[in-house]
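Asks: Please find work23.cif (mmCIF, C-alpha atoms) on the next line:
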data_my_file
#
loop_
_atom_site.group_PDB
_atom_site.id
_atom_site.type_symbol
_atom_site.label_atom_id
_atom_site.label_comp_id
_atom_site.auth_asym_id
_atom_site.auth_seq_id
_atom_site.Cartn_x
_atom_site.Cartn_y
_atom_site.Cartn_z
ATOM 1 C CA MET S 580 87.441 68.725 144.773
ATOM 2 C CA ASN S 581 87.014 70.567 148.044
ATOM 3 C CA TRP S 582 90.759 70.291 148.710
ATOM 4 C CA ILE S 583 91.563 71.861 145.325
ATOM 5 C CA THR S 584 88.908 74.550 145.714
ATOM 6 C CA HIS S 585 89.623 75.530 149.292
ATOM 7 C CA TYR S 586 93.398 75.109 149.481
ATOM 8 C CA VAL S 587 95.234 74.828 146.149
ATOM 9 C CA ARG S 588 93.402 77.577 144.251
ATOM 10 C CA PRO S 589 93.683 80.198 147.052
ATOM 11 C CA ARG S 590 97.396 79.435 147.371
ATOM 12 C CA ILE S 591 97.953 79.934 143.647
ATOM 13 C CA ASN S 592 95.930 83.152 143.658
ATOM 14 C CA SER S 593 97.916 84.507 146.582
ATOM 15 C CA LEU S 594 101.185 83.885 144.747
ATOM 16 C CA PHE S 595 100.187 85.616 141.509
ATOM 17 C CA SER S 596 97.749 88.276 142.674
ATOM 18 C CA ARG S 597 98.914 91.895 142.674
ATOM 19 C CA ARG S 598 99.653 93.515 145.991
ATOM 20 C CA GLU S 599 97.199 96.147 147.062
ATOM 21 C CA VAL S 600 98.479 99.725 146.904
ATOM 22 C CA PRO S 601 97.651 101.914 149.923
ATOM 23 C CA GLU S 602 94.984 104.462 149.042
ATOM 24 C CA ASN S 603 96.864 107.382 150.611
ATOM 25 C CA LEU S 604 99.822 107.160 148.200
ATOM 26 C CA TRP S 605 98.017 109.000 145.404
ATOM 27 C CA SER S 606 95.742 112.030 145.218
ATOM 28 C CA LYS S 607 93.554 113.092 142.329
ATOM 29 C CA CYS S 608 93.584 116.728 141.299
ATOM 30 C CA PRO S 609 89.960 117.967 141.420
ATOM 31 C CA GLU S 610 90.653 120.405 138.580
ATOM 32 C CA CYS S 611 92.431 118.355 135.892
ATOM 33 C CA GLY S 612 92.031 114.799 137.220
ATOM 34 C CA THR S 613 95.770 114.032 137.260
ATOM 35 C CA MET S 614 96.872 111.372 139.745
ATOM 36 C CA LEU S 615 99.622 112.862 141.917
ATOM 37 C CA PHE S 616 102.075 110.935 144.081
ATOM 38 C CA HIS S 617 101.715 112.088 147.682
ATOM 39 C CA ARG S 618 105.405 112.960 148.168
ATOM 40 C CA GLU S 619 105.499 114.987 144.959
ATOM 41 C CA LEU S 620 102.334 116.808 146.001
ATOM 42 C CA THR S 621 103.673 117.517 149.498
ATOM 43 C CA ASP S 622 106.969 118.839 148.128
ATOM 44 C CA ASN S 623 104.970 121.193 145.883
ATOM 45 C CA GLN S 624 102.934 122.529 148.850
ATOM 46 C CA ASN S 625 99.725 120.803 147.717
ATOM 47 C CA VAL S 626 99.748 122.506 144.326
ATOM 48 C CA CYS S 627 99.017 120.316 141.300
ATOM 49 C CA THR S 628 102.189 119.847 139.251
ATOM 50 C CA SER S 629 100.100 119.511 136.094
ATOM 51 C CA CYS S 630 97.640 122.430 136.173
ATOM 52 C CA ASP S 631 98.813 124.535 139.166
ATOM 53 C CA HIS S 632 95.512 124.060 140.984
ATOM 54 C CA HIS S 633 95.919 125.086 144.639
ATOM 55 C CA MET S 634 94.562 122.354 146.895
ATOM 56 C CA PRO S 635 93.842 122.828 150.610
ATOM 57 C CA ILE S 636 96.855 122.762 152.918
ATOM 58 C CA THR S 637 96.863 122.393 156.700
ATOM 59 C CA PRO S 638 98.113 125.253 158.893
ATOM 60 C CA ARG S 639 101.054 123.160 160.129
ATOM 61 C CA ALA S 640 102.148 122.294 156.604
ATOM 62 C CA ARG S 641 101.768 125.932 155.588
ATOM 63 C CA PHE S 642 103.817 127.147 158.549
ATOM 64 C CA ALA S 643 106.500 124.526 157.865
ATOM 65 C CA ALA S 644 106.963 126.051 154.401
ATOM 66 C CA LEU S 645 106.586 129.647 155.622
ATOM 67 C CA PHE S 646 108.890 129.945 158.632
ATOM 68 C CA ASP S 647 112.678 129.798 158.399
ATOM 69 C CA GLY S 648 113.749 126.177 158.682
ATOM 70 C CA GLY S 649 110.114 125.205 159.321
ATOM 71 C CA ALA S 650 110.597 126.191 162.992
ATOM 72 C CA PHE S 651 107.829 127.996 164.875
ATOM 73 C CA ALA S 652 106.363 128.203 168.374
ATOM 74 C CA GLU S 653 102.637 127.918 168.950
ATOM 75 C CA VAL S 654 100.913 130.816 170.679
ATOM 76 C CA LYS S 655 98.542 129.722 173.436
ATOM 77 C CA VAL S 656 94.871 130.470 172.781
ATOM 78 C CA PRO S 657 92.285 130.640 175.600
ATOM 79 C CA VAL S 658 89.816 127.745 175.331
ATOM 80 C CA PRO S 659 86.171 128.921 175.380
ATOM 81 C CA VAL S 660 83.189 127.206 176.968
ATOM 82 C CA ALA S 661 82.346 123.984 175.153
ATOM 83 C CA ASP S 662 78.844 123.752 173.645
ATOM 84 C CA PRO S 663 77.457 126.948 175.242
ATOM 85 C CA LEU S 664 74.060 126.546 173.516
ATOM 86 C CA HIS S 665 73.757 122.743 173.933
ATOM 87 C CA PHE S 666 73.231 122.644 170.187
ATOM 88 C CA ARG S 667 72.138 119.499 168.403
ATOM 89 C CA ASP S 668 71.249 118.791 164.782
ATOM 90 C CA GLN S 669 71.883 115.299 163.423
ATOM 91 C CA LYS S 670 74.657 115.034 166.011
ATOM 92 C CA LYS S 671 75.463 116.751 169.254
ATOM 93 C CA TYR S 672 77.935 119.601 168.894
ATOM 94 C CA PRO S 673 80.534 117.951 171.204
ATOM 95 C CA ASP S 674 80.349 114.801 169.038
ATOM 96 C CA ARG S 675 81.043 116.847 165.896
ATOM 97 C CA MET S 676 83.966 118.515 167.635
ATOM 98 C CA ARG S 677 85.473 115.199 168.679
ATOM 99 C CA THR S 678 85.142 113.866 165.128
ATOM 100 C CA ALA S 679 86.843 116.939 163.671
ATOM 101 C CA GLN S 680 89.638 116.757 166.249
ATOM 102 C CA ARG S 681 90.195 113.081 165.518
ATOM 103 C CA ASN S 682 90.244 113.598 161.731
ATOM 104 C CA THR S 683 92.543 116.634 161.725
ATOM 105 C CA GLY S 684 94.674 116.090 164.806
ATOM 106 C CA GLU S 685 94.043 119.715 165.800
ATOM 107 C CA ALA S 686 92.155 121.177 168.739
ATOM 108 C CA GLU S 687 90.276 123.764 166.675
ATOM 109 C CA ALA S 688 89.951 125.529 163.322
ATOM 110 C CA MET S 689 92.772 128.065 163.768
ATOM 111 C CA LEU S 690 96.454 127.735 164.620
ATOM 112 C CA VAL S 691 98.513 130.694 165.884
ATOM 113 C CA ALA S 692 102.303 130.631 165.737
ATOM 114 C CA GLU S 693 105.337 132.855 166.126
ATOM 115 C CA GLY S 694 108.631 132.605 164.291
ATOM 116 C CA GLU S 695 110.933 134.152 161.710
ATOM 117 C CA VAL S 696 110.267 134.576 157.998
ATOM 118 C CA GLY S 697 113.340 135.699 156.115
ATOM 119 C CA ARG S 698 114.896 136.672 159.470
ATOM 120 C CA THR S 699 111.853 138.856 160.205
ATOM 121 C CA ARG S 700 109.974 137.826 163.337
ATOM 122 C CA ILE S 701 106.204 137.660 162.906
ATOM 123 C CA VAL S 702 103.016 136.274 164.392
ATOM 124 C CA ALA S 703 100.947 134.166 162.004
ATOM 125 C CA ALA S 704 97.450 132.692 162.216
ATOM 126 C CA ALA S 705 95.953 130.185 159.787
ATOM 127 C CA GLN S 706 92.518 128.612 159.481
ATOM 128 C CA ASP S 707 92.035 124.927 158.774
ATOM 129 C CA PHE S 708 89.151 124.357 156.360
ATOM 130 C CA SER S 709 89.189 120.614 157.076
ATOM 131 C CA PHE S 710 88.110 121.389 160.664
ATOM 132 C CA MET S 711 84.345 121.909 160.358
ATOM 133 C CA GLY S 712 84.829 124.049 157.242
ATOM 134 C CA GLY S 713 87.200 126.392 159.086
ATOM 135 C CA SER S 714 84.082 127.883 160.653
ATOM 136 C CA MET S 715 84.481 130.932 162.883
ATOM 137 C CA GLY S 716 83.441 130.196 166.446
ATOM 138 C CA MET S 717 84.483 131.535 169.824
ATOM 139 C CA TYR S 718 87.850 129.755 169.651
ATOM 140 C CA VAL S 719 88.704 131.409 166.319
ATOM 141 C CA GLY S 720 87.770 134.781 167.827
ATOM 142 C CA ASN S 721 89.994 134.056 170.823
ATOM 143 C CA ALA S 722 92.798 133.018 168.476
ATOM 144 C CA ILE S 723 92.685 136.286 166.522
ATOM 145 C CA VAL S 724 92.613 138.329 169.717
ATOM 146 C CA ALA S 725 95.521 136.288 171.146
ATOM 147 C CA ALA S 726 97.506 136.747 167.911
ATOM 148 C CA ALA S 727 96.887 140.518 167.897
ATOM 149 C CA GLU S 728 97.790 140.878 171.575
ATOM 150 C CA ARG S 729 100.994 138.901 171.054
ATOM 151 C CA ALA S 730 101.899 141.035 168.059
ATOM 152 C CA VAL S 731 101.254 144.301 169.921
ATOM 153 C CA GLU S 732 103.126 143.136 173.035
ATOM 154 C CA HIS S 733 106.276 142.228 171.081
ATOM 155 C CA ARG S 734 105.893 144.831 168.306
ATOM 156 C CA LEU S 735 105.531 142.235 165.552
ATOM 157 C CA PRO S 736 103.524 142.168 162.302
ATOM 158 C CA LEU S 737 100.603 139.770 161.978
ATOM 159 C CA VAL S 738 100.035 137.601 158.908
ATOM 160 C CA LEU S 739 96.679 135.810 158.702
ATOM 161 C CA PHE S 740 95.710 133.017 156.300
ATOM 162 C CA SER S 741 91.929 132.801 155.950
ATOM 163 C CA ALA S 742 89.981 129.729 154.836
ATOM 164 C CA ALA S 743 86.429 129.435 156.078
ATOM 165 C CA GLY S 744 82.851 128.737 155.211
ATOM 166 C CA GLY S 745 81.694 131.502 157.558
ATOM 167 C CA ALA S 746 80.417 131.575 161.123
ATOM 168 C CA ARG S 747 79.846 128.350 163.067
ATOM 169 C CA MET S 748 76.111 127.746 163.252
ATOM 170 C CA GLN S 749 76.422 125.482 166.332
ATOM 171 C CA GLU S 750 77.415 128.556 168.358
ATOM 172 C CA GLY S 751 74.684 130.811 166.979
ATOM 173 C CA ILE S 752 74.879 134.481 167.931
ATOM 174 C CA LEU S 753 78.089 133.821 169.874
ATOM 175 C CA SER S 754 79.872 133.016 166.629
ATOM 176 C CA LEU S 755 78.572 136.222 165.005
ATOM 177 C CA MET S 756 79.960 138.193 167.957
ATOM 178 C CA GLN S 757 83.455 137.205 166.786
ATOM 179 C CA MET S 758 83.092 139.573 163.836
ATOM 180 C CA PRO S 759 83.263 142.768 165.973
ATOM 181 C CA ARG S 760 85.780 141.122 168.342
ATOM 182 C CA SER S 761 88.162 140.348 165.501
ATOM 183 C CA THR S 762 87.643 143.827 164.054
ATOM 184 C CA VAL S 763 88.664 145.354 167.388
ATOM 185 C CA ALA S 764 91.735 143.095 167.433
ATOM 186 C CA VAL S 765 92.749 144.351 163.985
ATOM 187 C CA GLN S 766 92.233 147.930 165.173
ATOM 188 C CA MET S 767 94.689 147.258 168.012
ATOM 189 C CA LEU S 768 97.344 146.487 165.401
ATOM 190 C CA LYS S 769 96.559 149.599 163.386
ATOM 191 C CA GLU S 770 96.717 151.848 166.464
ATOM 192 C CA ALA S 771 100.081 150.301 167.347
ATOM 193 C CA GLY S 772 101.346 150.997 163.822
ATOM 194 C CA LEU S 773 101.987 147.318 163.085
ATOM 195 C CA PRO S 774 101.463 145.665 159.683
ATOM 196 C CA TYR S 775 98.502 143.343 159.233
ATOM 197 C CA ILE S 776 98.658 141.220 156.080
ATOM 198 C CA VAL S 777 95.863 138.882 154.999
ATOM 199 C CA VAL S 778 96.339 135.953 152.620
ATOM 200 C CA LEU S 779 92.945 134.793 151.370
ATOM 201 C CA THR S 780 92.820 131.135 150.373
ATOM 202 C CA HIS S 781 90.099 128.950 148.888
ATOM 203 C CA PRO S 782 87.417 129.375 150.117
ATOM 204 C CA THR S 783 86.982 132.508 152.236
ATOM 205 C CA THR S 784 83.289 133.255 152.652
ATOM 206 C CA GLY S 785 80.540 134.500 154.952
ATOM 207 C CA GLY S 786 81.209 136.408 158.157
ATOM 208 C CA VAL S 787 84.957 135.852 157.850
ATOM 209 C CA THR S 788 84.999 137.873 154.617
ATOM 210 C CA ALA S 789 82.758 140.458 156.286
ATOM 211 C CA SER S 790 85.257 141.025 159.106
ATOM 212 C CA TYR S 791 88.964 140.335 159.621
ATOM 213 C CA ALA S 792 89.670 138.766 156.218
ATOM 214 C CA MET S 793 89.148 142.043 154.337
ATOM 215 C CA LEU S 794 90.799 144.452 156.787
ATOM 216 C CA GLY S 795 94.438 143.880 155.921
ATOM 217 C CA ASP S 796 96.914 146.617 155.094
ATOM 218 C CA VAL S 797 97.834 144.376 152.167
ATOM 219 C CA GLN S 798 95.358 141.881 150.684
ATOM 220 C CA ILE S 799 96.915 138.876 148.948
ATOM 221 C CA ALA S 800 95.056 135.868 147.528
ATOM 222 C CA GLU S 801 96.049 132.505 146.139
ATOM 223 C CA PRO S 802 95.092 131.778 142.510
ATOM 224 C CA GLY S 803 91.541 130.622 141.916
ATOM 225 C CA ALA S 804 90.371 131.224 145.483
ATOM 226 C CA LEU S 805 86.639 131.800 146.039
ATOM 227 C CA ILE S 806 86.260 134.992 148.082
ATOM 228 C CA CYS S 807 82.769 136.222 148.861
ATOM 229 C CA PHE S 808 80.077 136.823 151.450
ATOM 230 C CA ALA S 809 77.243 134.963 149.694
ATOM 231 C CA GLY S 810 78.242 132.314 147.168
ATOM 232 C CA PRO S 811 77.623 132.622 143.413
ATOM 233 C CA ARG S 812 74.883 129.971 143.440
ATOM 234 C CA VAL S 813 72.898 131.904 146.074
ATOM 235 C CA ILE S 814 73.314 135.139 144.124
ATOM 236 C CA GLU S 815 72.203 133.541 140.842
ATOM 237 C CA GLN S 816 69.098 132.100 142.501
ATOM 238 C CA THR S 817 68.311 135.479 144.069
ATOM 239 C CA ILE S 818 68.745 137.793 141.086
ATOM 240 C CA ARG S 819 67.883 135.091 138.500
ATOM 241 C CA GLU S 820 70.763 136.080 136.233
ATOM 242 C CA THR S 821 73.879 134.300 135.002
ATOM 243 C CA LEU S 822 77.015 135.648 136.637
ATOM 244 C CA PRO S 823 80.221 136.484 134.724
ATOM 245 C CA GLU S 824 82.802 133.746 134.318
ATOM 246 C CA GLY S 825 85.196 133.592 137.249
ATOM 247 C CA PHE S 826 82.891 135.758 139.371
ATOM 248 C CA GLN S 827 84.133 136.090 142.994
ATOM 249 C CA ARG S 828 87.404 134.313 142.230
ATOM 250 C CA SER S 829 90.650 135.969 143.271
ATOM 251 C CA GLU S 830 91.613 137.059 139.735
ATOM 252 C CA TYR S 831 88.192 138.682 139.241
ATOM 253 C CA LEU S 832 88.499 140.558 142.549
ATOM 254 C CA LEU S 833 92.014 141.705 141.671
ATOM 255 C CA ASP S 834 90.757 143.150 138.379
ATOM 256 C CA HIS S 835 88.000 144.993 140.269
ATOM 257 C CA GLY S 836 90.263 146.537 142.908
ATOM 258 C CA MET S 837 89.411 144.416 145.946
ATOM 259 C CA LEU S 838 92.833 142.745 146.187
ATOM 260 C CA ASP S 839 96.405 143.937 145.960
ATOM 261 C CA ARG S 840 98.031 140.745 144.701
ATOM 262 C CA VAL S 841 97.294 137.225 143.495
ATOM 263 C CA THR S 842 100.352 135.138 144.288
ATOM 264 C CA HIS S 843 101.256 131.517 143.606
ATOM 265 C CA ARG S 844 101.836 129.512 146.766
ATOM 266 C CA LYS S 845 105.463 128.758 145.901
ATOM 267 C CA ASP S 846 106.171 132.509 145.540
ATOM 268 C CA LEU S 847 104.201 133.577 148.605
ATOM 269 C CA ARG S 848 106.987 133.336 151.172
ATOM 270 C CA ASP S 849 109.382 135.559 149.216
ATOM 271 C CA GLU S 850 106.630 138.070 148.550
ATOM 272 C CA LEU S 851 105.681 138.213 152.228
ATOM 273 C CA VAL S 852 109.322 138.771 153.181
ATOM 274 C CA THR S 853 109.575 141.676 150.730
ATOM 275 C CA ILE S 854 106.301 143.295 151.833
ATOM 276 C CA LEU S 855 106.985 142.852 155.552
ATOM 277 C CA ARG S 856 110.427 144.421 155.342
ATOM 278 C CA MET S 857 109.056 147.327 153.317
ATOM 279 C CA LEU S 858 106.279 147.989 155.836
ATOM 280 C CA LEU S 859 108.732 147.710 158.742
ATOM 281 C CA ASN S 860 111.139 150.110 156.986
ATOM 282 C CA GLU S 861 113.891 147.485 156.972
ATOM 283 C CA PRO S 862 116.494 146.846 154.234
ATOM 284 C CA PRO S 863 115.779 144.137 151.647
ATOM 285 C CA ALA S 864 116.358 140.553 152.720
ATOM 286 C CA VAL S 865 119.614 138.863 151.825
ATOM 287 C CA LYS S 866 119.511 135.404 150.307
ATOM 288 C CA GLY S 867 121.241 132.756 152.403
ATOM 289 C CA ASP S 868 122.540 132.963 155.939
ATOM 290 C CA LEU S 869 125.530 135.258 155.296
ATOM 291 C CA PRO S 870 125.194 138.946 156.253
ATOM 292 C CA ALA S 871 124.915 141.557 153.538
ATOM 293 C CA PRO S 872 128.292 142.686 152.143
ATOM 294 C CA ASP S 873 129.562 146.072 153.267
ATOM 295 C CA PRO S 874 129.628 148.317 150.153
ATOM 296 C CA THR S 875 132.365 150.580 151.619
ATOM 297 C CA ALA S 876 134.604 147.584 152.254
ATOM 298 C CA ALA S 877 134.018 146.391 148.698
ATOM 299 C CA LEU S 878 135.071 149.810 147.331
ATOM 300 C CA ALA S 879 138.167 149.860 149.543
ATOM 301 C CA ILE S 880 139.518 146.586 148.203
ATOM 302 C CA ALA S 881 138.596 147.239 144.569
ATOM 303 C CA PRO S 882 141.774 149.248 143.657
ATOM 304 C CA ALA S 883 143.999 146.660 145.291
ATOM 305 C CA GLU S 884 142.347 143.920 143.251
ATOM 306 C CA ASP S 885 142.781 145.965 140.077
ATOM 307 C CA GLY S 886 146.432 146.576 140.860
ATOM 308 C CA ALA S 887 147.025 142.922 141.550
ATOM 309 C CA ALA S 888 145.448 142.037 138.248
ATOM 310 C CA ASP S 889 147.670 144.508 136.418
ATOM 311 C CA LYS S 890 150.765 143.182 138.165
ATOM 312 C CA ASN S 891 149.920 139.613 137.301
ATOM 313 C CA GLY S 892 149.210 140.626 133.745
#
If you convert what's in this file into structure tokens, what do you get?
Replies:
Amino acid sequence: MNWITHYVRPRINSLFSRREVPENLWSKCPECGTMLFHRELTDNQNVCTSCDHHMPITPRARFAALFDGGAFAEVKVPVPVADPLHFRDQKKYPDRMRTAQRNTGEAEAMLVAEGEVGRTRIVAAAQDFSFMGGSMGMYVGNAIVAAAERAVEHRLPLVLFSAAGGARMQEGILSLMQMPRSTVAVQMLKEAGLPYIVVLTHPTTGGVTASYAMLGDVQIAEPGALICFAGPRVIEQTIRETLPEGFQRSEYLLDHGMLDRVTHRKDLRDELVTILRMLLNEPPAVKGDLPAPDPTAALAIAPAEDGAADKNG
């Protein structure tokens, strides 16, 4: 009996049991509940193919879809002092940082890069919400300053993708100081006459909204993004009233004049190319790698083509 129980039955079960499917092959849309195959979701830039819900996307994945050929060069950001306040809650701040770095594979909550978008060279910065909620600390402040300085030095526009829960509490007042620092960095761009475009993604809240995220020459948002200083739940508890449906979402803010555009992620690159070239006083972009046709040359050969057609006719 023991031989049957401990050897024969396990062998039979192993032959007929279903193979386990890796958990990372499928993702569930938080909006509609559809199970999405990971390759299909990646190809669609982390947008649900069923309901168009915009899920979080990492800065590297965003830049791969944004820059021509997915090619970009990272801009070096000065590394600030680690744990300046020796902060500790349930964990030490350095332990939280190491966990976030291990989970995301990134050094911090913002990535700065330089490259071409539709043959237009730009500097871009993007926040990573999966890194401690994209919280704004000294590194994020340094990143914005580094991006602005790079843009001014090479006379390039700056495009910033915001996604944050606000200031980083583990850095206390030092994190709040990044609000005026980033504002000064944006002013550098304006004084240099360079475009500064902000793309607000879900969520953009707190001190980030109160500083660099709302200072763009053009304000674009992804559909359904929460954009606010204090969240709707806090406001409802404070004023003890029910808020309108869709309050503080990108569509609501567009209707009330706080945004210029709400753009689907798959259309964002083309829209940025158009806006950047308009602000830089450049001609419209040409699809493909071939140069734009010369209209005078086209007019010169038109009669010859007509004559050839008549002769053949």
Asks: Once the PyMOL selection byres ((chain S and resi 854-857) around 12) has been evaluated on this model, what residues remain selected, and can you format them as a PyMOL selection string?
Replies: chain S and resi 695-702+735-738+773-777+796-799+839-840+847-853+858-865
Asks: I would like the residues chosen by the PyMOL selection byres ((chain S and resi 706) around 6) on the shown file; could you give them as a list in words?
Replies: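 Given this file, the PyMOL selection byres ((chain S and resi 706) around 6) evaluates to Ala688, Met689, Ala705, Asp707, Gly713, Ser741 and Ala742 of chain S.
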Asks: If you measure from atom CA of Glu693 of chain S to atom CA of Cys807 of chain S, what distance in Å do you get, rounded to one decimal?
Replies: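 Result for atom CA of Glu693 of chain S versus atom CA of Cys807 of chain S: 28.6 Å, one decimal.
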Asks: Can you work out the spacing between atom CA of Met837 of chain S and atom CA of Gly751 of chain S in Å, to one decimal?
Replies: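 Those two atoms sit 29.1 Å apart.
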Asks: Would you compute an axis-aligned box for segment 691-704 of chain S, covering every atom listed for it in the file with 5 Å of margin on each side, and report centre and edge lengths in Å to one decimal as lines of an AutoDock Vina configuration file?
Replies:
center_x = 106.2
center_y = 134.7
center_z = 161.1
size_x = 27.4
size_y = 18.2
size_z = 20.0
Asks: Let me make sure I understand: among S:Gly745, S:Arg667, S:Leu645, S:Leu779, which one has the smallest atom-to-atom distance to Ala703 of chain S if we use only C-alpha atoms?
Replies: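 For Ala703 of chain S, the nearest of the given residues is S:Leu645.
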Asks: In Å, rounded to a single decimal, give me how far atom CA of Pro638 of chain S is from atom CA of Glu619 of chain S.
Replies: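 Going from atom CA of Glu619 of chain S over to atom CA of Pro638 of chain S covers 18.8 Å.
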Asks: With all atoms listed in the file as the basis for distance, which of S:Phe740, S:Phe708, S:Phe642, S:Tyr791 is at the shortest distance from Ala764 of chain S?
Replies: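 The answer is S:Tyr791, which sits nearest to Ala764 of chain S.
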Asks: Applying the PyMOL selection byres ((chain S and resi 603-616) around 10) to the file I just gave you, which residues come out? Please list them as a PDB file with C-alpha atoms, keeping the file's coordinate frame.
Replies:
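Once everything was written out, this is selection.pdb:
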ATOM      1  CA  VAL S 600      98.479  99.725 146.904  1.00  0.00           C
ATOM      2  CA  PRO S 601      97.651 101.914 149.923  1.00  0.00           C
ATOM      3  CA  GLU S 602      94.984 104.462 149.042  1.00  0.00           C
ATOM      4  CA  HIS S 617     101.715 112.088 147.682  1.00  0.00           C
ATOM      5  CA  ARG S 618     105.405 112.960 148.168  1.00  0.00           C
ATOM      6  CA  GLU S 619     105.499 114.987 144.959  1.00  0.00           C
ATOM      7  CA  LEU S 620     102.334 116.808 146.001  1.00  0.00           C
ATOM      8  CA  THR S 621     103.673 117.517 149.498  1.00  0.00           C
ATOM      9  CA  ASN S 625      99.725 120.803 147.717  1.00  0.00           C
ATOM     10  CA  VAL S 626      99.748 122.506 144.326  1.00  0.00           C
ATOM     11  CA  CYS S 627      99.017 120.316 141.300  1.00  0.00           C
ATOM     12  CA  THR S 628     102.189 119.847 139.251  1.00  0.00           C
ATOM     13  CA  SER S 629     100.100 119.511 136.094  1.00  0.00           C
ATOM     14  CA  CYS S 630      97.640 122.430 136.173  1.00  0.00           C
ATOM     15  CA  ASP S 631      98.813 124.535 139.166  1.00  0.00           C
ATOM     16  CA  HIS S 632      95.512 124.060 140.984  1.00  0.00           C
ATOM     17  CA  HIS S 633      95.919 125.086 144.639  1.00  0.00           C
ATOM     18  CA  MET S 634      94.562 122.354 146.895  1.00  0.00           C
TER      19      MET S 634
END
Asks: Please list as an MDAnalysis selection string every residue within 12 Å of Ala725 of chain S, counting only C-alpha atoms and excluding residues in the same chain fewer than 6 positions away.
Replies: chainID S and resid 653:658 689:693 702:704 718:719 731:732 737 760:761 763:765 767:768
Asks: Using only C-alpha atoms, which residues sit within 12 Å of Arg828 of chain S once same-chain residues fewer than 6 positions away are excluded, as a list in words?
Replies: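 Residues meeting the cut-off are Leu779, Thr780, His781, Pro782, Thr783, Thr784, Ala800, Glu801, Pro802, Gly803, Ala804, Leu805, Ile806, Cys807, Gly810, Pro811, Leu822, Asp834, His835, Met837, Leu838 and Val841 of chain S.
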Asks: Hey, which of S:Gly684, S:Pro659, S:Gly712, S:Gly694 ends up closest to Pro635 of chain S? Count only C-alpha atoms.
Replies: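 Result for the nearest residue to Pro635 of chain S: S:Gly712.
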Asks: When you count only C-alpha atoms, which of these residues is closest to Thr683 of chain S: S:Ile636, S:Ala730, S:Leu664, S:Val787?
Replies: S:Ile636
Asks: What are the closest atom pairs, with distances in Å to one decimal, for all residues of segment 643-680 of chain S lying within 9 Å of segment 746-749 of chain S? Consider only C-alpha atoms, order rows by chain and residue number, and present the result as a tab-separated table.
Replies:
residue	atom	partner	partner_atom	distance
S:Asp662	CA	S:Gln749	CA	7.9
S:Leu664	CA	S:Gln749	CA	7.6
S:His665	CA	S:Gln749	CA	8.5
S:Phe666	CA	S:Gln749	CA	5.8
S:Arg667	CA	S:Gln749	CA	7.6
S:Asp668	CA	S:Gln749	CA	8.6
S:Tyr672	CA	S:Gln749	CA	6.6
Asks: Quick one: everything within 9 Å of Ala644 of chain S, counting all atoms listed in the file, minus sequence neighbours fewer than 5 positions away in the same chain. Send it as a tab-separated table (two decimals) with C-alpha atoms, in the coordinates of the input.
Replies:
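After the write, selection_18.tsv holds the following:
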chain	number	residue	atom	x	y	z
S	624	GLN	CA	102.93	122.53	148.85
S	639	ARG	CA	101.05	123.16	160.13
S	649	GLY	CA	110.11	125.20	159.32
S	848	ARG	CA	106.99	133.34	151.17
Asks: Write only N, CA, C and O atoms for segment 676-684 of chain S from the block just shown, as an mmCIF file, in the first residue's frame.
Replies:
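Okay, this is what ended up in selection_30.cif:
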data_model
loop_
_atom_site.group_PDB
_atom_site.id
_atom_site.type_symbol
_atom_site.label_atom_id
_atom_site.label_comp_id
_atom_site.auth_asym_id
_atom_site.auth_seq_id
_atom_site.Cartn_x
_atom_site.Cartn_y
_atom_site.Cartn_z
ATOM 1 N N MET S 676 14.948 52.295 0.157
ATOM 2 C CA MET S 676 15.574 52.630 -1.118
ATOM 3 C C MET S 676 16.110 51.381 -1.805
ATOM 4 O O MET S 676 15.916 51.183 -3.017
ATOM 5 N N ARG S 677 16.775 50.538 -1.051
ATOM 6 C CA ARG S 677 17.335 49.316 -1.637
ATOM 7 C C ARG S 677 16.222 48.400 -2.168
ATOM 8 O O ARG S 677 16.374 47.787 -3.219
ATOM 9 N N THR S 678 15.120 48.334 -1.451
ATOM 10 C CA THR S 678 13.989 47.518 -1.912
ATOM 11 C C THR S 678 13.413 48.060 -3.208
ATOM 12 O O THR S 678 13.137 47.308 -4.151
ATOM 13 N N ALA S 679 13.248 49.382 -3.277
ATOM 14 C CA ALA S 679 12.712 50.003 -4.491
ATOM 15 C C ALA S 679 13.668 49.820 -5.670
ATOM 16 O O ALA S 679 13.238 49.552 -6.797
ATOM 17 N N GLN S 680 14.953 49.948 -5.422
ATOM 18 C CA GLN S 680 15.943 49.767 -6.489
ATOM 19 C C GLN S 680 15.953 48.332 -6.986
ATOM 20 O O GLN S 680 16.085 48.080 -8.191
ATOM 21 N N ARG S 681 15.802 47.403 -6.069
ATOM 22 C CA ARG S 681 15.790 45.981 -6.462
ATOM 23 C C ARG S 681 14.526 45.650 -7.250
ATOM 24 O O ARG S 681 14.574 44.911 -8.245
ATOM 25 N N ASN S 682 13.388 46.205 -6.856
ATOM 26 C CA ASN S 682 12.119 45.886 -7.523
ATOM 27 C C ASN S 682 11.987 46.537 -8.894
ATOM 28 O O ASN S 682 11.334 45.979 -9.785
ATOM 29 N N THR S 683 12.554 47.728 -9.062
ATOM 30 C CA THR S 683 12.394 48.463 -10.313
ATOM 31 C C THR S 683 13.601 48.366 -11.238
ATOM 32 O O THR S 683 13.468 48.595 -12.446
ATOM 33 N N GLY S 684 14.760 48.069 -10.676
ATOM 34 C CA GLY S 684 15.971 48.063 -11.487
ATOM 35 C C GLY S 684 16.493 49.450 -11.804
ATOM 36 O O GLY S 684 17.391 49.611 -12.635
#
